[in-house]
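Asker: Dropping the structure in here first, questions after.
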Amino acid sequence: MTSNTPVLFLGYIASALVFMAFFMRSRARLRQVGIASNLAFILYGTLSHVIPVLILHALLLPLNTWRLWEIIRTKRAIAGAIKGDLRMDWLEPFAQSVELNAGEQLFARNDLGDKTYFVVSGGMHLPESGANLGPGSLLGEVAMFSPEHRRTQSAVAVTDTRLLSMTQDELFTLYRRYPDFGVYLLRLVTARLLENEHHLERS
């Protein structure tokens, strides 16, 4: 290894960046600092001919870049949802896809419920309340957060319908990663309550 002072100094800077990454509370900032350390170590490994360091950070650089892009994309999607775009497609990396045929029942009243569902396309009908839920709607959240975890209504697909399902743990994990997701959920729950109130007024 070369004893060239500028190269050694570059190695110290790269190491300091790695150390700083452990103090980052923001996931985006952590990835940004990680990318900076990767670039510094790649340059250091090249100049000092330390091949293992060069290979390691050459592999980590695209990984950190990809994760940062995912974080930015998700944050933008949540921001758009908060402002009024209730599309669900951005949730796909965090949820499981559920396909229903027209007339197929998703769950029945009094069933145990451990998942919340987001309607991506198609529509769902709730027979007990008479409500119809289209794309951008949330259903099944009451059972998830109630003490007995029982469904309060049935849900049947009006047409061929695609949903995304999330367990409570998955929902909370997404919330911890992206606190703004809580505002998004609040918008969906509020829209559901207003829809129920509107239906009762028409009854």
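For the structure tokens, the naming scheme is as follows: chains receive sequential letters (A, B, ...) according to their order of presentation, residues are indexed from 1 within each chain, and ligands are indexed from 1 in presentation order.
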Need to verify the contact set: range 113-127 of chain A, 10 Å, only C-alpha atoms, exclusion of same-chain residues closer than 6 positions in sequence. Can you return it as JSON, numbers by chain?
Answerer: {"A": [86, 87, 88, 89, 91, 92, 95, 96, 97, 98, 99, 100, 101, 102, 103, 104, 105, 106, 107, 133, 134, 135, 136, 137, 138, 139, 140, 141, 142, 143, 144, 145, 146, 148, 149, 150, 151, 152, 153, 154, 155, 156, 157, 158, 159, 160, 161, 162, 163, 164, 165, 166, 167, 168, 169, 170, 171, 188]}
Asker: Which neighbours of range 16-33 of chain A fall inside 12 Å, counting only C-alpha atoms, when residues of the same chain fewer than 5 positions from it are skipped, and could you give them as an NGL selection string?
Answerer: :A and (9-11 or 38-41 or 57 or 60-75 or 176-179)
Asker: Range 41-189 of chain A: which residues are helix (DSSP H, G or I) by DSSP, as number ranges by chain?
Answerer: A: 41-48, 51-83, 89-94, 141-145, 168-177, 181-189
Asker: DSSP says strand (DSSP E or B) for which residues of range 94-179 of chain A? Put them as a PyMOL selection string?
Answerer: chain A and resi 96-100+105-107+112+115-121+124-126+131-133+138-139+150+155-157+161-167
Asker: Suppose you want the space between CA of Tyr175 in chain A and CA of Arg76 in chain A; what is it in Å?
Answerer: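 One can read the CA of Tyr175 in chain A to CA of Arg76 in chain A distance as 14.9 Å.
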Asker: In Å, how far is it from CA of Leu174 in chain A to CA of Phe94 in chain A?
Answerer: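 Between CA of Leu174 in chain A and CA of Phe94 in chain A the gap works out to 7.5 Å.
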Asker: To one decimal place in Å, what is the distance between CA of Ser129 in chain A and CA of Val183 in chain A?
Answerer: 25.8 Å
